[in-house]
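Engineer: Sharing coords_25.cif (mmCIF, C-alpha atoms) below.
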data_query
loop_
_atom_site.group_PDB
_atom_site.id
_atom_site.type_symbol
_atom_site.label_atom_id
_atom_site.label_comp_id
_atom_site.auth_asym_id
_atom_site.auth_seq_id
_atom_site.Cartn_x
_atom_site.Cartn_y
_atom_site.Cartn_z
ATOM 1 C CA MET Y 1 -70.016 9.615 1.727
ATOM 2 C CA ALA Y 2 -68.105 7.367 4.141
ATOM 3 C CA VAL Y 3 -64.572 8.426 5.036
ATOM 4 C CA GLN Y 4 -61.991 5.921 3.786
ATOM 5 C CA ARG Y 5 -59.878 4.251 6.450
ATOM 6 C CA VAL Y 6 -56.200 5.163 6.183
ATOM 7 C CA LYS Y 7 -54.272 2.033 5.230
ATOM 8 C CA LEU Y 8 -51.012 3.556 3.998
ATOM 9 C CA ALA Y 9 -48.974 6.633 4.887
ATOM 10 C CA LEU Y 10 -46.432 7.877 2.380
ATOM 11 C CA ILE Y 11 -43.878 9.768 4.451
ATOM 12 C CA ASP Y 12 -41.275 12.258 3.283
ATOM 13 C CA LEU Y 13 -37.924 12.035 5.058
ATOM 14 C CA SER Y 14 -35.741 15.160 5.142
ATOM 15 C CA GLY Y 15 -37.580 17.979 6.910
ATOM 16 C CA THR Y 16 -40.409 15.671 7.999
ATOM 17 C CA LEU Y 17 -38.861 12.795 9.980
ATOM 18 C CA HIS Y 18 -35.406 14.301 10.364
ATOM 19 C CA VAL Y 19 -33.166 17.263 9.566
ATOM 20 C CA ASP Y 20 -29.675 15.967 8.813
ATOM 21 C CA ASP Y 21 -28.799 13.745 11.816
ATOM 22 C CA GLN Y 22 -31.565 14.929 14.144
ATOM 23 C CA PRO Y 23 -35.061 13.396 14.260
ATOM 24 C CA THR Y 24 -37.847 15.966 14.335
ATOM 25 C CA VAL Y 25 -39.600 16.282 17.705
ATOM 26 C CA GLY Y 26 -41.384 13.059 18.666
ATOM 27 C CA ALA Y 27 -40.923 11.473 15.227
ATOM 28 C CA VAL Y 28 -39.309 8.184 16.327
ATOM 29 C CA GLU Y 29 -42.107 7.296 18.750
ATOM 30 C CA ALA Y 30 -44.816 8.630 16.430
ATOM 31 C CA LEU Y 31 -43.703 6.281 13.666
ATOM 32 C CA LYS Y 32 -43.971 3.354 16.065
ATOM 33 C CA ARG Y 33 -47.497 4.432 17.089
ATOM 34 C CA LEU Y 34 -48.599 4.696 13.487
ATOM 35 C CA ARG Y 35 -47.493 1.133 12.779
ATOM 36 C CA GLN Y 36 -49.117 -0.127 15.994
ATOM 37 C CA HIS Y 37 -52.462 1.179 14.737
ATOM 38 C CA GLY Y 38 -52.226 -0.936 11.591
ATOM 39 C CA VAL Y 39 -51.169 1.745 9.105
ATOM 40 C CA GLN Y 40 -48.599 0.616 6.550
ATOM 41 C CA VAL Y 41 -45.786 3.052 5.800
ATOM 42 C CA LYS Y 42 -43.550 3.795 2.864
ATOM 43 C CA PHE Y 43 -40.880 6.462 2.873
ATOM 44 C CA VAL Y 44 -40.960 8.480 -0.346
ATOM 45 C CA THR Y 45 -38.092 10.853 -0.804
ATOM 46 C CA ASN Y 46 -36.500 13.160 -3.342
ATOM 47 C CA THR Y 47 -33.241 12.944 -1.385
ATOM 48 C CA THR Y 48 -30.447 12.569 -3.930
ATOM 49 C CA LYS Y 49 -27.323 13.412 -1.947
ATOM 50 C CA GLU Y 50 -27.211 9.893 -0.481
ATOM 51 C CA SER Y 51 -27.607 6.370 -1.800
ATOM 52 C CA VAL Y 52 -30.512 4.357 -0.406
ATOM 53 C CA GLY Y 53 -28.045 2.328 1.666
ATOM 54 C CA SER Y 54 -26.522 5.424 3.255
ATOM 55 C CA LEU Y 55 -29.942 6.914 3.920
ATOM 56 C CA TYR Y 56 -31.155 3.682 5.530
ATOM 57 C CA ASP Y 57 -28.046 3.536 7.751
ATOM 58 C CA ARG Y 58 -28.515 7.162 8.802
ATOM 59 C CA LEU Y 59 -32.173 6.646 9.761
ATOM 60 C CA ARG Y 60 -31.394 3.516 11.766
ATOM 61 C CA LYS Y 61 -28.536 5.272 13.536
ATOM 62 C CA ILE Y 62 -30.758 8.132 14.725
ATOM 63 C CA GLY Y 63 -33.386 5.772 16.113
ATOM 64 C CA PHE Y 64 -35.942 4.942 13.410
ATOM 65 C CA GLU Y 65 -37.151 1.372 12.950
ATOM 66 C CA LEU Y 66 -37.620 0.557 9.273
ATOM 67 C CA GLN Y 67 -36.730 -1.863 6.519
ATOM 68 C CA ARG Y 68 -34.539 -0.831 3.611
ATOM 69 C CA ASP Y 69 -37.196 -1.835 1.074
ATOM 70 C CA GLU Y 70 -39.644 0.605 2.705
ATOM 71 C CA ILE Y 71 -37.640 3.477 1.187
ATOM 72 C CA TYR Y 72 -38.820 4.493 -2.277
ATOM 73 C CA GLY Y 73 -36.725 7.296 -3.666
ATOM 74 C CA SER Y 74 -36.549 9.363 -6.812
ATOM 75 C CA LEU Y 75 -32.913 8.267 -7.163
ATOM 76 C CA GLY Y 76 -33.982 4.630 -7.626
ATOM 77 C CA ALA Y 77 -36.752 5.665 -10.005
ATOM 78 C CA ALA Y 78 -34.218 7.673 -12.030
ATOM 79 C CA ALA Y 79 -31.859 4.680 -12.169
ATOM 80 C CA GLU Y 80 -34.687 2.563 -13.584
ATOM 81 C CA TYR Y 81 -35.446 5.287 -16.155
ATOM 82 C CA VAL Y 82 -31.798 5.317 -17.272
ATOM 83 C CA ARG Y 83 -31.756 1.522 -17.617
ATOM 84 C CA ARG Y 84 -35.106 1.342 -19.408
ATOM 85 C CA ASN Y 85 -34.062 3.982 -21.942
ATOM 86 C CA ASN Y 86 -30.512 2.624 -22.341
ATOM 87 C CA LEU Y 87 -28.969 6.012 -21.586
ATOM 88 C CA ASN Y 88 -25.275 6.734 -21.087
ATOM 89 C CA PRO Y 89 -25.424 9.871 -18.929
ATOM 90 C CA TYR Y 90 -23.135 12.534 -17.613
ATOM 91 C CA TYR Y 91 -24.028 12.489 -13.920
ATOM 92 C CA LEU Y 92 -24.372 15.633 -11.802
ATOM 93 C CA LEU Y 93 -24.656 13.590 -8.616
ATOM 94 C CA THR Y 94 -22.671 13.061 -5.428
ATOM 95 C CA ASP Y 95 -20.272 10.107 -5.390
ATOM 96 C CA ASP Y 96 -22.516 8.314 -2.899
ATOM 97 C CA ALA Y 97 -25.691 8.801 -4.964
ATOM 98 C CA ARG Y 98 -23.799 7.700 -8.052
ATOM 99 C CA THR Y 99 -23.454 4.185 -6.591
ATOM 100 C CA ASP Y 100 -27.225 3.669 -7.059
ATOM 101 C CA MET Y 101 -27.041 4.477 -10.778
ATOM 102 C CA PRO Y 102 -26.079 2.322 -13.791
ATOM 103 C CA PRO Y 103 -22.392 2.544 -14.759
ATOM 104 C CA ASN Y 104 -21.279 4.441 -17.831
ATOM 105 C CA ASP Y 105 -20.299 2.628 -21.009
ATOM 106 C CA PRO Y 106 -16.865 3.996 -21.991
ATOM 107 C CA GLU Y 107 -17.352 2.667 -25.538
ATOM 108 C CA ARG Y 108 -20.350 4.970 -26.117
ATOM 109 C CA ALA Y 109 -20.670 8.720 -26.349
ATOM 110 C CA LEU Y 110 -22.510 10.483 -23.541
ATOM 111 C CA ASP Y 111 -26.121 11.065 -24.612
ATOM 112 C CA SER Y 112 -27.834 12.536 -21.570
ATOM 113 C CA VAL Y 113 -27.411 14.408 -18.278
ATOM 114 C CA VAL Y 114 -28.833 13.296 -14.924
ATOM 115 C CA VAL Y 115 -29.130 16.013 -12.253
ATOM 116 C CA GLY Y 116 -29.677 15.488 -8.533
ATOM 117 C CA LEU Y 117 -28.687 17.442 -5.433
ATOM 118 C CA ALA Y 118 -24.891 17.597 -5.668
ATOM 119 C CA PRO Y 119 -23.612 20.852 -4.149
ATOM 120 C CA GLU Y 120 -19.941 20.081 -4.771
ATOM 121 C CA ARG Y 121 -20.627 19.538 -8.487
ATOM 122 C CA PHE Y 122 -22.671 22.674 -9.075
ATOM 123 C CA CYS Y 123 -19.688 24.671 -10.326
ATOM 124 C CA TYR Y 124 -18.879 26.077 -13.760
ATOM 125 C CA GLU Y 125 -16.610 23.187 -14.758
ATOM 126 C CA HIS Y 126 -19.198 20.442 -14.211
ATOM 127 C CA LEU Y 127 -22.191 22.468 -15.377
ATOM 128 C CA ASN Y 128 -20.339 23.357 -18.568
ATOM 129 C CA GLU Y 129 -19.616 19.665 -19.224
ATOM 130 C CA ALA Y 130 -23.321 18.952 -18.801
ATOM 131 C CA PHE Y 131 -24.127 21.832 -21.168
ATOM 132 C CA ARG Y 132 -21.778 20.434 -23.833
ATOM 133 C CA VAL Y 133 -23.400 16.997 -23.677
ATOM 134 C CA LEU Y 134 -26.856 18.495 -24.144
ATOM 135 C CA HIS Y 135 -25.667 20.976 -26.805
ATOM 136 C CA GLN Y 136 -24.967 17.980 -29.091
ATOM 137 C CA ARG Y 137 -28.704 17.767 -29.840
ATOM 138 C CA SER Y 138 -29.457 17.657 -33.563
ATOM 139 C CA VAL Y 139 -31.758 15.923 -36.007
ATOM 140 C CA LYS Y 140 -29.434 12.916 -35.879
ATOM 141 C CA GLN Y 141 -28.437 13.126 -32.210
ATOM 142 C CA GLU Y 142 -31.083 12.761 -29.487
ATOM 143 C CA VAL Y 143 -30.129 13.851 -25.969
ATOM 144 C CA GLN Y 144 -32.056 13.871 -22.685
ATOM 145 C CA LEU Y 145 -31.941 16.005 -19.552
ATOM 146 C CA VAL Y 146 -33.165 13.931 -16.597
ATOM 147 C CA ALA Y 147 -34.017 15.769 -13.371
ATOM 148 C CA VAL Y 148 -34.113 13.376 -10.425
ATOM 149 C CA HIS Y 149 -36.252 16.174 -8.993
ATOM 150 C CA GLU Y 150 -36.584 19.937 -9.388
ATOM 151 C CA GLY Y 151 -36.686 21.042 -5.755
ATOM 152 C CA ARG Y 152 -36.193 24.780 -5.242
ATOM 153 C CA TYR Y 153 -34.737 24.493 -1.740
ATOM 154 C CA TYR Y 154 -34.572 22.207 1.296
ATOM 155 C CA LYS Y 155 -34.012 22.419 5.051
ATOM 156 C CA ALA Y 156 -30.447 21.794 6.254
ATOM 157 C CA LYS Y 157 -29.181 21.974 9.817
ATOM 158 C CA ASP Y 158 -27.845 25.493 9.223
ATOM 159 C CA GLY Y 159 -31.009 26.765 7.526
ATOM 160 C CA ILE Y 160 -32.694 26.809 4.126
ATOM 161 C CA ALA Y 161 -30.407 25.657 1.293
ATOM 162 C CA LEU Y 162 -30.578 25.883 -2.491
ATOM 163 C CA GLY Y 163 -31.936 22.822 -4.317
ATOM 164 C CA PRO Y 164 -31.136 21.446 -7.797
ATOM 165 C CA GLY Y 165 -34.141 22.977 -9.558
ATOM 166 C CA CYS Y 166 -32.415 26.212 -10.600
ATOM 167 C CA PHE Y 167 -29.546 24.268 -12.193
ATOM 168 C CA VAL Y 168 -31.995 22.105 -14.122
ATOM 169 C CA LYS Y 169 -33.818 25.220 -15.338
ATOM 170 C CA GLY Y 170 -30.502 26.849 -16.285
ATOM 171 C CA LEU Y 171 -29.536 23.875 -18.439
ATOM 172 C CA GLU Y 172 -32.996 23.893 -20.048
ATOM 173 C CA TYR Y 173 -32.625 27.591 -20.840
ATOM 174 C CA SER Y 174 -29.105 27.328 -22.252
ATOM 175 C CA THR Y 175 -29.658 24.204 -24.377
ATOM 176 C CA GLY Y 176 -33.347 24.223 -25.249
ATOM 177 C CA VAL Y 177 -33.618 20.637 -24.010
ATOM 178 C CA PRO Y 178 -36.698 20.140 -21.794
ATOM 179 C CA ALA Y 179 -36.138 18.147 -18.610
ATOM 180 C CA VAL Y 180 -37.852 14.892 -17.744
ATOM 181 C CA CYS Y 181 -38.701 15.132 -14.022
ATOM 182 C CA ILE Y 182 -38.671 11.768 -12.232
ATOM 183 C CA GLY Y 183 -39.470 12.389 -8.550
ATOM 184 C CA LYS Y 184 -42.157 14.173 -6.579
ATOM 185 C CA PRO Y 185 -44.535 15.781 -7.604
ATOM 186 C CA ASN Y 186 -44.632 13.523 -10.685
ATOM 187 C CA GLU Y 187 -47.875 11.499 -10.722
ATOM 188 C CA TYR Y 188 -46.039 8.385 -11.905
ATOM 189 C CA PHE Y 189 -43.751 8.549 -8.868
ATOM 190 C CA PHE Y 190 -46.654 8.585 -6.399
ATOM 191 C CA ARG Y 191 -48.596 5.837 -8.155
ATOM 192 C CA SER Y 192 -45.563 3.573 -8.475
ATOM 193 C CA ALA Y 193 -44.977 3.871 -4.702
ATOM 194 C CA LEU Y 194 -48.342 2.250 -3.902
ATOM 195 C CA PRO Y 195 -48.418 -1.472 -3.032
ATOM 196 C CA ASP Y 196 -50.882 -3.691 -4.860
ATOM 197 C CA GLY Y 197 -54.379 -3.614 -3.382
ATOM 198 C CA ILE Y 198 -54.121 -0.103 -1.914
ATOM 199 C CA ASP Y 199 -56.338 2.609 -3.387
ATOM 200 C CA VAL Y 200 -55.227 6.248 -3.464
ATOM 201 C CA ALA Y 201 -58.243 7.189 -1.315
ATOM 202 C CA GLU Y 202 -56.844 4.949 1.448
ATOM 203 C CA CYS Y 203 -53.501 6.812 1.470
ATOM 204 C CA VAL Y 204 -52.147 9.982 2.979
ATOM 205 C CA MET Y 205 -48.965 11.842 2.123
ATOM 206 C CA ILE Y 206 -47.038 13.573 4.932
ATOM 207 C CA GLY Y 207 -44.311 16.038 4.007
ATOM 208 C CA ASP Y 208 -42.772 19.487 4.387
ATOM 209 C CA ASP Y 209 -43.210 20.722 0.810
ATOM 210 C CA PRO Y 210 -46.665 22.050 -0.157
ATOM 211 C CA ASN Y 211 -46.128 21.464 -3.873
ATOM 212 C CA ASP Y 212 -43.905 18.409 -4.228
ATOM 213 C CA ASP Y 213 -45.387 16.448 -1.313
ATOM 214 C CA CYS Y 214 -48.948 17.603 -0.704
ATOM 215 C CA PHE Y 215 -50.309 18.978 -3.967
ATOM 216 C CA GLY Y 216 -48.608 16.222 -5.951
ATOM 217 C CA ALA Y 217 -50.355 13.567 -3.845
ATOM 218 C CA MET Y 218 -53.662 15.418 -3.744
ATOM 219 C CA ARG Y 219 -53.805 15.597 -7.540
ATOM 220 C CA ILE Y 220 -54.220 11.814 -7.689
ATOM 221 C CA GLY Y 221 -56.745 11.593 -4.842
ATOM 222 C CA MET Y 222 -54.707 11.270 -1.630
ATOM 223 C CA LYS Y 223 -54.853 13.567 1.376
ATOM 224 C CA GLY Y 224 -51.778 15.755 1.734
ATOM 225 C CA TYR Y 225 -50.653 16.726 5.251
ATOM 226 C CA LEU Y 226 -48.039 19.447 5.634
ATOM 227 C CA VAL Y 227 -45.590 19.752 8.553
ATOM 228 C CA GLU Y 228 -43.760 22.853 9.747
ATOM 229 C CA THR Y 229 -40.425 21.234 10.657
ATOM 230 C CA GLY Y 230 -38.744 21.526 7.259
ATOM 231 C CA LYS Y 231 -38.790 23.823 4.254
ATOM 232 C CA TYR Y 232 -42.359 25.078 4.766
ATOM 233 C CA GLN Y 233 -42.101 28.449 6.514
ATOM 234 C CA PRO Y 234 -45.493 29.458 7.966
ATOM 235 C CA GLU Y 235 -44.311 32.986 8.747
ATOM 236 C CA LYS Y 236 -44.166 33.694 4.992
ATOM 237 C CA TYR Y 237 -47.921 33.194 4.612
ATOM 238 C CA THR Y 238 -51.062 34.971 5.798
ATOM 239 C CA ASP Y 239 -54.217 33.125 6.822
ATOM 240 C CA GLU Y 240 -55.674 33.951 3.413
ATOM 241 C CA ASP Y 241 -52.852 32.529 1.266
ATOM 242 C CA ARG Y 242 -51.723 29.494 3.254
ATOM 243 C CA PRO Y 243 -51.340 26.383 1.068
ATOM 244 C CA ALA Y 244 -54.725 24.713 0.509
ATOM 245 C CA VAL Y 245 -53.580 21.279 1.653
ATOM 246 C CA SER Y 246 -55.605 18.705 3.602
ATOM 247 C CA GLY Y 247 -54.109 19.847 6.904
ATOM 248 C CA ILE Y 248 -51.129 21.756 8.347
ATOM 249 C CA PHE Y 249 -49.497 20.473 11.542
ATOM 250 C CA PRO Y 250 -46.509 21.581 13.653
ATOM 251 C CA THR Y 251 -44.791 18.170 13.497
ATOM 252 C CA PHE Y 252 -45.017 14.657 12.084
ATOM 253 C CA SER Y 253 -46.068 13.498 15.548
ATOM 254 C CA ASP Y 254 -49.104 15.810 15.381
ATOM 255 C CA VAL Y 255 -50.129 14.360 12.016
ATOM 256 C CA VAL Y 256 -49.888 10.840 13.434
ATOM 257 C CA GLN Y 257 -52.093 11.797 16.375
ATOM 258 C CA HIS Y 258 -54.658 13.200 13.916
ATOM 259 C CA ILE Y 259 -54.649 9.965 11.888
ATOM 260 C CA ILE Y 260 -54.963 7.781 15.005
ATOM 261 C CA SER Y 261 -57.860 9.892 16.255
ATOM 262 C CA SER Y 262 -59.643 9.573 12.925
ATOM 263 C CA LEU Y 263 -59.168 5.790 13.004
ATOM 264 C CA ALA Y 264 -60.749 5.644 16.460
ATOM 265 C CA GLU Y 265 -63.819 7.465 15.139
ATOM 266 C CA GLN Y 266 -64.431 4.944 12.357
#
Please re-express this file's structure in structure tokens.

Structural biologist:
Amino acid sequence: MAVQRVKLALIDLSGTLHVDDQPTVGAVEALKRLRQHGVQVKFVTNTTKESVGSLYDRLRKIGFELQRDEIYGSLGAAAEYVRRNNLNPYYLLTDDARTDMPPNDPERALDSVVVGLAPERFCYEHLNEAFRVLHQRSVKQEVQLVAVHEGRYYKAKDGIALGPGCFVKGLEYSTGVPAVCIGKPNEYFFRSALPDGIDVAECVMIGDDPNDDCFGAMRIGMKGYLVETGKYQPEKYTDEDRPAVSGIFPTFSDVVQHIISSLAEQ
């Protein structure tokens, strides 16, 4: 069977291209090389601490060349879900992320909770408010718990940090309301990121999370390449139990070199 030419790279951001305000080693130049070899790119991210505008400004400031509409995030997908379902949520989000979401209707009761990565809001006061909204569920009162994503942890500049997943699971446990997960590794999220005319077999996903990035993409037929610059910690695995992804590389730059080499062989 002929190997499909790579036409599109879906690229994770935090932990793959950058960690906070620092690009990962060689990432800025590697992104340029990937484009020069005719590979389209789209940045797919579960980042929910920042609005798309703030994230775009940050990436430009640290040296990356990109267009704002190349960023496809779970925050935007969650905003569309809220609009489509006419929800009036209690938001567990940062103030910046909140600017990407539909406004509340003060004339309506709160009927849902939306959870993203919002460290300053993960305290008893705010979590209890979210619990009370969801606890309203009854035969006559439908409520929804919307997880922008359910990440367990992420890479920050001072080390590994707790993600929103445990707070989502805590609210599920306390209320009995199952969460709707919007972002990676949701199949809908990956498929909706693809431009028209691009087949999944012509795409690769590059990220630092074996499950959310790689396995999520591989389940729909993409290759999933894992990098070691973010949350993936190779020292926690033996050779026998390493994640069975399409490839593991030290950096994003190494993945790009692998893709370029494979293009040259075709």

Engineer: Set the distance at 12 Å and use only C-alpha atoms: which residues neighbour Leu75 (chain Y) once local chain neighbours fewer than 6 positions away are removed? I'd like the list as a PyMOL selection string.

Structural biologist: chain Y and resi 44-53+55+81-82+91+93-94+96-102+114-117+146-149+181-184+189

Engineer: For the file shown, what are the residues hit by the PyMOL selection byres ((chain Y and resi 108) around 12), laid out as a list in words?

Structural biologist: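 Written out, the selection comes to Asn86, Leu87, Asn88, Pro89, Tyr90, Pro103, Asn104, Asp105, Pro106, Glu107, Ala109, Leu110, Asp111 and Ser112 of chain Y.
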
Engineer: What is the CA of Gly221 (chain Y)-CA of Cys203 (chain Y) distance in Å, reported with one decimal?

Structural biologist: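 Those two atoms sit 8.6 Å apart.
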
Engineer: Identify all residues satisfying the PyMOL selection byres ((chain Y and resi 4) around 12) in the given file; provide them as a ChimeraX atom specification.

Structural biologist: /Y:1-3,5-8,198-204,221-223,259,262-263,265-266

Engineer: With all atoms listed in the file as the counted atoms, please give the residues lying no more than 6 Å from region 205-219 of chain Y, apart from itself and same-chain residues fewer than 5 positions off, as an MDAnalysis selection string.

Structural biologist: chainID Y and resid 9:12 15:16 184:185 224:227 230:232
